[in-house]
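model-v1.csv (CSV, C-alpha atoms)
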chain,number,residue,atom,x,y,z
A,253,MET,CA,69.4,-20.8,-84.1
A,254,ASP,CA,67.7,-23.6,-82.3
A,255,GLN,CA,66.4,-26.8,-83.9
A,256,ASN,CA,62.9,-25.5,-84.3
A,257,GLU,CA,64.1,-22.4,-86.0
A,258,LYS,CA,66.4,-24.5,-88.3
A,259,ASN,CA,63.6,-26.8,-89.2
A,260,HIS,CA,61.2,-24.0,-90.1
A,261,LYS,CA,63.4,-21.4,-91.7
A,262,ILE,CA,61.2,-18.9,-93.5
A,263,LYS,CA,61.3,-19.7,-97.2
A,264,LYS,CA,59.1,-17.1,-98.7
A,265,VAL,CA,57.7,-13.7,-97.7
A,266,ALA,CA,55.0,-11.6,-99.2
A,267,ILE,CA,55.3,-8.0,-98.1
A,268,ILE,CA,52.4,-5.5,-98.3
A,269,CYS,CA,53.3,-1.8,-98.6
A,270,ALA,CA,50.1,0.2,-98.0
A,271,LYS,CA,51.6,3.6,-96.9
A,272,GLY,CA,53.5,6.1,-99.0
A,273,ASN,CA,55.8,7.7,-96.4
A,274,LEU,CA,59.5,7.4,-97.1
A,275,GLU,CA,60.0,5.2,-94.1
A,276,ASP,CA,57.1,2.9,-94.8
A,277,VAL,CA,58.1,2.2,-98.4
A,278,TYR,CA,61.7,1.7,-97.3
A,279,ALA,CA,60.7,-0.7,-94.5
A,280,SER,CA,59.0,-2.9,-97.2
A,281,LEU,CA,62.0,-2.6,-99.6
A,282,VAL,CA,64.6,-3.4,-96.9
A,283,LEU,CA,62.6,-6.5,-95.8
A,284,ALA,CA,62.2,-7.7,-99.4
A,285,ASN,CA,65.8,-7.1,-100.3
A,286,GLY,CA,67.0,-8.7,-97.1
A,287,ALA,CA,64.9,-11.8,-98.0
A,288,VAL,CA,66.3,-12.3,-101.5
A,289,MET,CA,69.8,-11.7,-100.0
A,290,ASP,CA,69.2,-14.6,-97.8
A,291,GLY,CA,68.0,-16.9,-100.5
A,292,MET,CA,64.2,-16.5,-99.8
A,293,GLU,CA,61.5,-15.9,-102.3
A,294,ALA,CA,60.2,-12.4,-101.9
A,295,ARG,CA,57.1,-10.7,-103.3
A,296,LEU,CA,56.2,-7.1,-102.8
A,297,PHE,CA,52.6,-6.0,-103.0
A,298,PHE,CA,51.9,-2.2,-103.2
A,299,THR,CA,48.5,-0.9,-102.4
A,300,PHE,CA,46.7,2.4,-101.5
A,301,PHE,CA,49.1,5.2,-100.7
A,302,GLY,CA,52.0,2.7,-100.9
A,303,MET,CA,51.4,2.8,-104.6
A,304,ASP,CA,53.6,5.9,-104.6
A,305,GLY,CA,56.6,3.5,-104.2
A,306,ILE,CA,56.0,2.2,-107.7
A,307,ILE,CA,54.6,5.3,-109.5
A,308,LYS,CA,57.5,6.4,-111.7
A,309,LYS,CA,57.0,10.1,-111.2
A,310,ARG,CA,56.8,9.8,-107.4
A,311,MET,CA,58.9,6.9,-106.3
A,312,ASN,CA,62.1,8.8,-105.9
A,313,LYS,CA,60.4,11.8,-104.3
A,314,LEU,CA,58.9,10.2,-101.2
A,315,HIS,CA,58.7,12.3,-98.0
A,316,THR,CA,58.7,11.6,-94.4
A,317,ALA,CA,55.9,13.3,-92.5
A,318,THR,CA,56.9,16.3,-90.4
A,319,VAL,CA,53.3,16.9,-89.2
A,320,GLY,CA,51.8,14.3,-87.0
A,321,ASN,CA,55.0,12.4,-86.5
A,322,PRO,CA,55.9,12.6,-82.7
A,323,ALA,CA,59.0,10.5,-83.1
A,324,LEU,CA,60.7,13.1,-85.3
A,325,ARG,CA,63.9,14.6,-83.8
A,326,LEU,CA,66.1,17.5,-84.6
A,327,PRO,CA,69.8,16.7,-85.4
A,328,ASN,CA,70.6,17.6,-81.8
A,329,GLY,CA,68.3,14.9,-80.5
A,330,SER,CA,65.5,17.1,-79.1
A,331,ARG,CA,61.9,16.7,-80.2
A,332,MET,CA,61.0,18.6,-83.4
A,333,PRO,CA,58.5,21.3,-82.3
A,334,LYS,CA,55.0,20.8,-83.9
A,335,TRP,CA,54.9,24.3,-85.5
A,336,LEU,CA,58.3,23.7,-87.2
A,337,GLY,CA,57.0,20.7,-89.1
A,338,MET,CA,54.2,22.9,-90.6
A,339,ILE,CA,56.6,25.4,-92.2
A,340,PRO,CA,56.7,25.1,-96.0
A,341,GLY,CA,59.9,23.4,-97.1
A,342,ILE,CA,60.7,21.7,-93.8
A,343,GLN,CA,59.2,18.4,-94.9
A,344,GLY,CA,61.2,18.4,-98.1
A,345,MET,CA,64.4,19.3,-96.2
A,346,VAL,CA,63.9,16.6,-93.5
A,347,SER,CA,63.2,14.0,-96.3
A,348,LYS,CA,66.3,15.0,-98.2
A,349,MET,CA,68.4,14.6,-95.0
A,350,MET,CA,66.9,11.1,-94.4
A,351,LYS,CA,67.8,10.1,-97.9
A,352,LYS,CA,71.3,11.4,-97.6
A,353,GLN,CA,71.8,9.4,-94.4
A,354,MET,CA,70.5,6.3,-96.0
A,355,ASP,CA,72.7,6.7,-99.0
A,356,GLU,CA,75.7,6.8,-96.7
A,357,LEU,CA,74.7,3.3,-95.5
A,358,ASP,CA,74.4,2.1,-99.1
A,359,VAL,CA,70.6,2.2,-99.1
A,360,PRO,CA,69.7,3.2,-102.7
A,361,PRO,CA,66.9,5.4,-104.1
A,362,VAL,CA,63.6,3.5,-104.6
A,363,ASP,CA,64.0,2.7,-108.3
A,364,GLU,CA,67.5,1.3,-107.8
A,365,PHE,CA,66.3,-0.6,-104.7
A,366,LEU,CA,63.7,-2.3,-106.9
A,367,ASP,CA,66.4,-3.0,-109.5
A,368,MET,CA,68.3,-4.8,-106.8
A,369,ILE,CA,65.3,-6.8,-105.5
A,370,THR,CA,64.2,-7.9,-109.0
A,371,ALA,CA,67.8,-8.7,-110.0
A,372,GLY,CA,67.8,-11.1,-107.0
A,373,GLY,CA,64.6,-12.8,-108.2
A,374,GLY,CA,62.1,-10.8,-106.1
A,375,GLU,CA,58.8,-9.9,-107.7
A,376,VAL,CA,56.8,-6.6,-107.5
A,377,TYR,CA,53.1,-6.3,-107.8
A,378,ALA,CA,50.5,-3.6,-107.7
A,379,CYS,CA,47.0,-3.8,-106.2
A,380,LYS,CA,44.2,-3.8,-108.7
A,381,LEU,CA,41.7,-2.0,-106.4
A,382,ALA,CA,44.1,0.9,-105.7
A,383,PHE,CA,45.2,1.0,-109.3
A,384,ASP,CA,41.5,1.5,-110.4
A,385,MET,CA,40.7,3.8,-107.6
A,386,PHE,CA,43.6,6.2,-108.3
A,387,LYS,CA,42.7,5.9,-112.0
A,388,LEU,CA,46.3,4.9,-112.9
A,389,LYS,CA,47.6,3.7,-116.2
A,390,LYS,CA,50.0,0.9,-116.7
A,391,GLU,CA,52.6,3.3,-118.0
A,392,ASP,CA,52.4,5.3,-114.7
A,393,LEU,CA,54.0,2.3,-112.9
A,394,SER,CA,57.6,1.4,-112.7
A,395,GLU,CA,58.8,-1.3,-115.2
A,396,HIS,CA,59.7,-3.4,-112.1
A,397,VAL,CA,56.0,-4.1,-111.6
A,398,SER,CA,55.3,-7.5,-113.2
A,399,ASP,CA,51.5,-7.6,-112.7
A,400,ILE,CA,48.4,-5.9,-111.2
A,401,LEU,CA,46.7,-8.3,-108.9
A,402,THR,CA,43.4,-8.8,-107.1
A,403,VAL,CA,43.5,-9.7,-103.5
A,404,GLY,CA,42.7,-13.3,-104.3
A,405,GLU,CA,45.6,-13.5,-106.8
A,406,PHE,CA,47.9,-11.9,-104.2
A,407,TYR,CA,47.0,-14.6,-101.6
A,408,GLU,CA,47.8,-17.3,-104.3
A,409,LYS,CA,51.2,-15.7,-104.9
A,410,ALA,CA,51.8,-15.5,-101.2
A,411,SER,CA,51.1,-19.2,-100.5
A,412,GLY,CA,53.6,-21.9,-99.9
A,413,GLU,CA,55.3,-23.9,-97.2
A,414,ASP,CA,57.0,-21.8,-94.5
A,415,ALA,CA,55.6,-18.7,-96.1
A,416,GLN,CA,54.9,-15.4,-94.3
A,417,ILE,CA,52.8,-12.4,-95.0
A,418,ILE,CA,54.2,-9.1,-93.6
A,419,PHE,CA,52.3,-5.9,-93.5
A,420,THR,CA,54.5,-2.9,-93.0
B,642,MET,CA,86.9,-21.1,-81.7
B,643,ALA,CA,86.7,-24.4,-83.7
B,644,GLN,CA,89.4,-25.8,-85.9
B,645,LYS,CA,88.6,-27.4,-89.2
B,646,THR,CA,90.7,-29.0,-91.9
B,647,ILE,CA,89.7,-27.7,-95.3
B,648,ALA,CA,91.6,-28.9,-98.4
B,649,GLY,CA,94.5,-30.1,-96.2
B,650,ASN,CA,94.7,-26.8,-94.3
B,651,THR,CA,93.9,-26.4,-90.6
B,652,VAL,CA,91.9,-23.2,-90.2
B,653,ASN,CA,89.9,-21.5,-87.4
B,654,VAL,CA,86.2,-21.2,-88.2
B,655,ASP,CA,83.2,-19.8,-86.4
B,656,GLU,CA,80.1,-21.9,-85.7
B,657,GLU,CA,78.7,-21.1,-89.2
B,658,GLY,CA,81.8,-22.1,-91.0
B,659,TYR,CA,83.2,-18.6,-91.8
B,660,LEU,CA,87.0,-18.4,-91.5
B,661,GLU,CA,88.1,-16.4,-88.5
B,662,ASP,CA,91.3,-15.2,-90.0
B,663,PHE,CA,91.1,-14.3,-93.7
B,664,LYS,CA,94.9,-14.6,-94.0
B,665,GLN,CA,94.5,-18.4,-93.5
B,666,TRP,CA,92.6,-18.5,-96.8
B,667,ASN,CA,93.8,-19.9,-100.1
B,668,LYS,CA,92.2,-20.9,-103.4
B,669,ASP,CA,92.0,-24.6,-102.5
B,670,ILE,CA,90.0,-23.7,-99.4
B,671,ALA,CA,87.7,-21.6,-101.5
B,672,LYS,CA,87.1,-24.5,-103.9
B,673,GLU,CA,86.3,-26.9,-101.2
B,674,ILE,CA,83.9,-24.6,-99.3
B,675,ALA,CA,82.2,-23.8,-102.6
B,676,GLN,CA,81.9,-27.5,-103.5
B,677,GLU,CA,80.1,-28.1,-100.2
B,678,GLU,CA,77.7,-25.4,-101.3
B,679,GLY,CA,77.3,-27.0,-104.7
B,680,ILE,CA,79.2,-24.3,-106.5
B,681,GLU,CA,82.0,-24.9,-109.0
B,682,LEU,CA,84.3,-21.9,-109.0
B,683,THR,CA,85.1,-20.2,-112.3
B,684,ASP,CA,87.4,-17.3,-113.1
B,685,LYS,CA,84.4,-15.0,-112.6
B,686,HIS,CA,84.0,-16.3,-109.1
B,687,PHE,CA,87.6,-15.6,-108.3
B,688,GLU,CA,87.3,-12.1,-109.6
B,689,VAL,CA,84.4,-11.5,-107.2
B,690,ILE,CA,86.2,-13.2,-104.4
B,691,LYS,CA,89.2,-11.0,-104.9
B,692,PHE,CA,87.0,-7.9,-104.8
B,693,LEU,CA,85.3,-9.1,-101.6
B,694,ARG,CA,88.6,-9.8,-99.9
B,695,ASP,CA,90.1,-6.4,-101.0
B,696,GLN,CA,87.1,-4.6,-99.7
B,697,TYR,CA,87.2,-6.4,-96.4
B,698,GLU,CA,90.9,-5.7,-96.0
B,699,GLU,CA,90.2,-2.0,-96.6
B,700,GLY,CA,87.6,-2.1,-93.8
B,701,ALA,CA,84.6,-1.5,-96.1
B,702,ASN,CA,81.1,-2.6,-95.0
B,703,LEU,CA,80.2,-4.9,-97.8
B,704,THR,CA,76.8,-4.7,-99.4
B,705,ILE,CA,75.2,-6.2,-102.5
B,706,ARG,CA,75.0,-2.7,-103.9
B,707,LYS,CA,78.8,-2.3,-103.6
B,708,VAL,CA,79.4,-5.5,-105.5
B,709,GLY,CA,76.9,-4.4,-108.1
B,710,LYS,CA,78.9,-1.2,-108.6
B,711,SER,CA,82.3,-2.9,-108.6
B,712,GLY,CA,82.5,-3.2,-112.4
B,713,ILE,CA,83.3,-6.9,-112.0
B,714,THR,CA,79.8,-8.1,-112.0
B,715,ASP,CA,76.2,-6.8,-111.9
B,716,ILE,CA,73.7,-7.8,-109.2
B,717,LYS,CA,71.9,-10.2,-111.4
B,718,GLU,CA,75.1,-12.1,-112.2
B,719,PHE,CA,76.2,-12.0,-108.6
B,720,TYR,CA,73.0,-13.8,-107.6
B,721,LYS,CA,73.5,-16.3,-110.4
B,722,VAL,CA,77.0,-17.3,-109.6
B,723,PHE,CA,76.4,-17.5,-105.8
B,724,PRO,CA,72.9,-18.8,-105.7
B,725,GLY,CA,70.8,-18.7,-102.5
B,726,GLY,CA,72.5,-15.7,-100.7
B,727,PRO,CA,75.3,-14.2,-102.7
B,728,LEU,CA,76.9,-11.9,-100.2
B,729,LYS,CA,76.9,-14.5,-97.4
B,730,LYS,CA,78.0,-17.4,-99.5
B,731,GLY,CA,80.5,-15.2,-101.4
B,732,SER,CA,82.0,-14.0,-98.1
B,733,GLN,CA,82.2,-17.6,-96.7
B,734,ILE,CA,84.0,-18.8,-99.8
B,735,ALA,CA,86.2,-15.7,-99.9
B,736,GLY,CA,87.3,-16.5,-96.3
B,737,ILE,CA,86.1,-13.3,-94.8
B,738,PRO,CA,83.6,-12.9,-91.9
B,739,LYS,CA,79.8,-13.1,-92.3
B,740,PRO,CA,78.6,-9.8,-93.6
B,741,THR,CA,76.8,-7.6,-91.1
B,742,SER,CA,75.0,-5.2,-93.5
B,743,CYS,CA,71.2,-5.2,-94.0
B,744,VAL,CA,71.5,-4.2,-97.6

Kindly return the structure encoded in the file as structure tokens.
Amino acid sequence: MDQNEKNHKIKKVAIICAKGNLEDVYASLVLANGAVMDGMEARLFFTFFGMDGIIKKRMNKLHTATVGNPALRLPNGSRMPKWLGMIPGIQGMVSKMMKKQMDELDVPPVDEFLDMITAGGGEVYACKLAFDMFKLKKEDLSEHVSDILTVGEFYEKASGEDAQIIFT
Amino acid sequence: MAQKTIAGNTVNVDEEGYLEDFKQWNKDIAKEIAQEEGIELTDKHFEVIKFLRDQYEEGANLTIRKVGKSGITDIKEFYKVFPGGPLKKGSQIAGIPKPTSCV
């Protein structure tokens, strides 16, 4: 770490999760958890399809897309054929495999991950616009969500010295 | 490799102050490193430190989750007793290398 990096260590991050694929939600969670682990302030803001990460009924059943995902590989390393991804059940199977591999590395299910983040002082918020648009009720959301914010309120919460906003 | 005298013991440390040989560690060293971090060690701290050292010796990849499931402490308390980065500070005080896990 050089002097400039030392003088301007990131103190606070606000992470926006706008997509509901397994890997998108986990990218946000890993970044937030990593921040609190390093003593930074972390705020997570879930919006649009990312809301699935905090909807109780869906949060532990996220999927990774097997259609329209050209980076997806078979266990032997070759590309997954496009037609294979469309077969019913394949997406669920692939998602299950991903979760198993993550669990082996001590990456927990979404609700437990949110437990870890909030236990470390991280905060979780939902977007008001998406909340209204999807006609959600407060009880649909995980108890880890501390508030439903407008975009203006989000920017207020994201503000501060050496603060960063990350969009995953 | 740098040498440093901690609590009257000469130990090898890396550039971030982590002990390079966990066998050189003792409780007085832990107390002095903790003090520099503004932490006064209690029995609870030493229970956690023992867990971290045992896990390291077994070759486990330490994570916050593992500590939370240890039965010694929960994650909330772990953050409370080692404020500002529990796994890193805990490891440094426990005399084991800097954790390499992302969770």

Only residues of chain B matter here; which ones have an atom within 12 Å of chain A, counting only C-alpha atoms? Give them as a PDB file with C-alpha atoms, keeping the file's coordinate frame.
ATOM      1  CA  GLU B 656      80.100 -21.900 -85.700  1.00  0.00           C
ATOM      2  CA  GLU B 657      78.700 -21.100 -89.200  1.00  0.00           C
ATOM      3  CA  ALA B 701      84.600  -1.500 -96.100  1.00  0.00           C
ATOM      4  CA  ASN B 702      81.100  -2.600 -95.000  1.00  0.00           C
ATOM      5  CA  LEU B 703      80.200  -4.900 -97.800  1.00  0.00           C
ATOM      6  CA  THR B 704      76.800  -4.700 -99.400  1.00  0.00           C
ATOM      7  CA  ILE B 705      75.200  -6.200-102.500  1.00  0.00           C
ATOM      8  CA  ARG B 706      75.000  -2.700-103.900  1.00  0.00           C
ATOM      9  CA  LYS B 707      78.800  -2.300-103.600  1.00  0.00           C
ATOM     10  CA  VAL B 708      79.400  -5.500-105.500  1.00  0.00           C
ATOM     11  CA  GLY B 709      76.900  -4.400-108.100  1.00  0.00           C
ATOM     12  CA  LYS B 710      78.900  -1.200-108.600  1.00  0.00           C
ATOM     13  CA  ASP B 715      76.200  -6.800-111.900  1.00  0.00           C
ATOM     14  CA  ILE B 716      73.700  -7.800-109.200  1.00  0.00           C
ATOM     15  CA  LYS B 717      71.900 -10.200-111.400  1.00  0.00           C
ATOM     16  CA  GLU B 718      75.100 -12.100-112.200  1.00  0.00           C
ATOM     17  CA  PHE B 719      76.200 -12.000-108.600  1.00  0.00           C
ATOM     18  CA  TYR B 720      73.000 -13.800-107.600  1.00  0.00           C
ATOM     19  CA  LYS B 721      73.500 -16.300-110.400  1.00  0.00           C
ATOM     20  CA  VAL B 722      77.000 -17.300-109.600  1.00  0.00           C
ATOM     21  CA  PHE B 723      76.400 -17.500-105.800  1.00  0.00           C
ATOM     22  CA  PRO B 724      72.900 -18.800-105.700  1.00  0.00           C
ATOM     23  CA  GLY B 725      70.800 -18.700-102.500  1.00  0.00           C
ATOM     24  CA  GLY B 726      72.500 -15.700-100.700  1.00  0.00           C
ATOM     25  CA  PRO B 727      75.300 -14.200-102.700  1.00  0.00           C
ATOM     26  CA  LEU B 728      76.900 -11.900-100.200  1.00  0.00           C
ATOM     27  CA  LYS B 729      76.900 -14.500 -97.400  1.00  0.00           C
ATOM     28  CA  LYS B 730      78.000 -17.400 -99.500  1.00  0.00           C
ATOM     29  CA  GLY B 731      80.500 -15.200-101.400  1.00  0.00           C
ATOM     30  CA  PRO B 740      78.600  -9.800 -93.600  1.00  0.00           C
ATOM     31  CA  THR B 741      76.800  -7.600 -91.100  1.00  0.00           C
ATOM     32  CA  SER B 742      75.000  -5.200 -93.500  1.00  0.00           C
ATOM     33  CA  CYS B 743      71.200  -5.200 -94.000  1.00  0.00           C
ATOM     34  CA  VAL B 744      71.500  -4.200 -97.600  1.00  0.00           C
TER      35      VAL B 744
END

Check: Could you list as a ChimeraX atom specification every residue that has an atom within 8 Å of (87.7, -30.6, -96.3), using the file's coordinates and counting all atoms listed in the file?
Finding: /B:645-649,670,673-674

Go ahead and save the residues from that selection, with C-alpha atoms, as an mmCIF file, in the frame of the given file.
data_model
loop_
_atom_site.group_PDB
_atom_site.id
_atom_site.type_symbol
_atom_site.label_atom_id
_atom_site.label_comp_id
_atom_site.auth_asym_id
_atom_site.auth_seq_id
_atom_site.Cartn_x
_atom_site.Cartn_y
_atom_site.Cartn_z
ATOM 1 C CA LYS B 645 88.600 -27.400 -89.200
ATOM 2 C CA THR B 646 90.700 -29.000 -91.900
ATOM 3 C CA ILE B 647 89.700 -27.700 -95.300
ATOM 4 C CA ALA B 648 91.600 -28.900 -98.400
ATOM 5 C CA GLY B 649 94.500 -30.100 -96.200
ATOM 6 C CA ILE B 670 90.000 -23.700 -99.400
ATOM 7 C CA GLU B 673 86.300 -26.900 -101.200
ATOM 8 C CA ILE B 674 83.900 -24.600 -99.300
#

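Nearest residue to B:Ile690 among B:Gln676, B:Ser711, B:Glu661, B:Val652 is B:Ser711, counting all atoms listed in the file.
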
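For the pair atom CA of B:Glu698 and atom CA of B:Val654, the interatomic distance is 18.0 Å.
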
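Residues with any atom within 7 Å of B:Ala671, counting only C-alpha atoms and excluding same-chain neighbours fewer than 4 positions away, are B:Asn667, B:Ala675, B:Ile734, B:Ala735.
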
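When atom CA of A:Ala415 is paired with atom CA of A:Gln255, their separation reads 18.2 Å.
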
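As for atom CA of A:Asn273 and atom CA of A:Leu336, they are spaced 18.6 Å apart.
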
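Proximity ranking of A:Val265, A:Asp254, A:Met350, A:Leu296 relative to A:Ser280 places A:Leu296 first, based on all atoms listed in the file.
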
Box along x, y and z, 8 Å on every side, all listed atoms of stretch 405-418 of chain A inside: centre and edge lengths in Å to one decimal, as lines of an AutoDock Vina configuration file.
center_x = 51.3
center_y = -16.5
center_z = -100.2
size_x = 27.4
size_y = 30.8
size_z = 29.2

Next item on the list: Write out as a ChimeraX atom specification each polymer residue whose atoms come within 10 Å of A:Ala266, counting all atoms listed in the file; drop sequence neighbours fewer than 6 positions from it.
Entry: /A:280,283-284,287,293-297,374-376,406-407,409-411,415-419

Check: When distances are computed from all atoms listed in the file, which of B:Asp662, B:Ala643, B:Thr714, B:Glu677 shows the smallest separation from B:Val689?
Finding: B:Thr714
